[in-house]
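> Mind having a look at this structure? Questions to follow.
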Amino acid sequence: MNGPGTAAPGGDDPRTHELAQGLDRVRARIAAAAGDRVDRPGRPVLIAVTKFFPAADVVRLHGLGVRDVGENRDQEAAAKAREVGALLGDPPTWHFVGQLQSNKARSVVRYASWVHSVDRASLVTALGTAVGRHREAVARGEAPPGPCAEQDLTCLVQVALDGEERRGGARPEDVVRLAEQIAGTDGLRAGGVMAVAPLGAPPGPAFDRLRAVSEQLQRSLPEAGAVSAGMSQDLEEAVARGATHVRVGSDVLGPRPPVG
Ligand SMILES: *Cc1c(COP(=O)(O)O)cnc(C)c1O
């Protein structure tokens, strides 16, 4: 029997043990990839993408030190954030990373601190309006505060790196304009850029293009320095090219369960 000082994280819960191993492996990969990077201080932030996995896993990850969680569908994320909020006094920071319809903005601002997938002017407007209305509802005592009551919603401009906007993302030449619109909108903060590597092409050159877009953006908005890039398959390439946030799902949580 293990004494109290020797218990593994999560004690006897096999799922916690599995998550701890996944996290250790991913953290080691990030550290190794960041090792010889000299251009940026600090480690990239690991966002655990928990889509398709239950609130209980978010709570387990929290116990393992994970404070940043990502989701890509509002309906699932909203329910999970409520559940987690009821279980934890100190809930994690929720990052919305999926394609977002404008009519979901009002829901997303109730739980998310970051939206990584802002790719058009109409969505900027919808998010700004949603934060304003949310704050009014909180002031009237009609809504629980959530992160946006006191902090501006951090918005990243999603960049299409494959020359087509099929998977979401703005054209590189539109990024500065969109970020300036974000910065000029009450309730929103321009945080930087995000991208998903194109399918069927090597990720390194794509992340080089993202870095160039980020550098150009920081010439007009120096505070918009976040670069959200890298997933289970390509986090090394992204970290080596200056990613400040990596979004990792399956290599932490395991293969996605079949959608039922
Ligand atoms: C699912 C998802 C991730 C994580 O992908 P994995 O391959 O499971 O690491 C990252 N970013 C976005 C936008 C996602 O939808």
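Going by the structure tokens order, chains are called A, B, ..., each with residues numbered from 1, while ligands are numbered from 1 in the order shown.
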Can I get the residues close to ligand 1 as an NGL selection string, where close means within 8 Å and we count only C-alpha atoms and all ligand atoms?

:A and (48-49 or 51 or 70-72 or 97-99 or 117 or 195-196 or 229-233 or 246-252 or 255-256)

> List the neighbours of Arg241 of chain A out to 9 Å using only C-alpha atoms; skip same-chain residues closer than 2 positions along the sequence, and give me the result as a PyMOL selection string.

chain A and resi 37+204+207-208+210-211+236-239+243

> Hey, can you check how far atom CA of Val108 of chain A sits from atom CA of Arg171 of chain A?

24.0 Å

> Using only C-alpha atoms, which residues sit within 7 Å of His116 of chain A once same-chain residues fewer than 6 positions away are excluded, as a list in words?

Phe96, Val97, Cys155, Leu156, Val157, Gln158 and Met194 of chain A

> Going by DSSP on the backbone, which residues of segment 66-251 of chain A come out as strand (DSSP E)? List them as a ChimeraX atom specification.

/A:68-71,93-96,112-118,153-158,188-194,226-228,245-248

> Please, what distance in Å, to one decimal, runs between atom CA of Gly254 of chain A and atom CA of Ala55 of chain A?

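So the answer is 15.1 Å.
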
> Can you pull out every residue within 12 Å of Arg133 of chain A, counting only C-alpha atoms, but drop anything in the same chain fewer than 3 positions away, and send it as a list in words?

Ala105, Arg106, Ser107, Val109, Arg110, Ala126, Leu127, Gly128, Thr129, Ala130, Glu136, Ala137, Val138, Ala139, Arg140, Glu142, Ala143, Pro145, Cys148, Ala149, Asp186 and Gly187 of chain A

> Using backbone DSSP assignments, extract all alpha helix (DSSP H) residues from segment 26-163 of chain A; output them as a PyMOL selection string.

chain A and resi 26-34+55-63+74-87+105-108+121-139

> At what distance in Å, to one decimal, does atom CA of Trp114 of chain A lie from atom CA of Pro54 of chain A?

20.5 Å

> Using only C-alpha atoms, which residues sit within 10 Å of Leu23 of chain A once same-chain residues fewer than 3 positions away are excluded, as a ChimeraX atom specification?

/A:17-20,26-29,46,48,61,64-66,248,251-253

> Go through A:Tyr111, A:His95, A:Val176, A:Arg73 and flag the residue nearest Val45 of chain A, using only C-alpha atoms for the distances.

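Checking each candidate against Val45 of chain A, we get A:His95 as the closest.
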
> Compare A:Gly225, A:Asp152, A:Ala86, A:Asp12 by their minimum atom-to-atom distance to Thr244 of chain A, counting only C-alpha atoms, and give me the closest one.

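The closest residue to Thr244 of chain A is A:Gly225.
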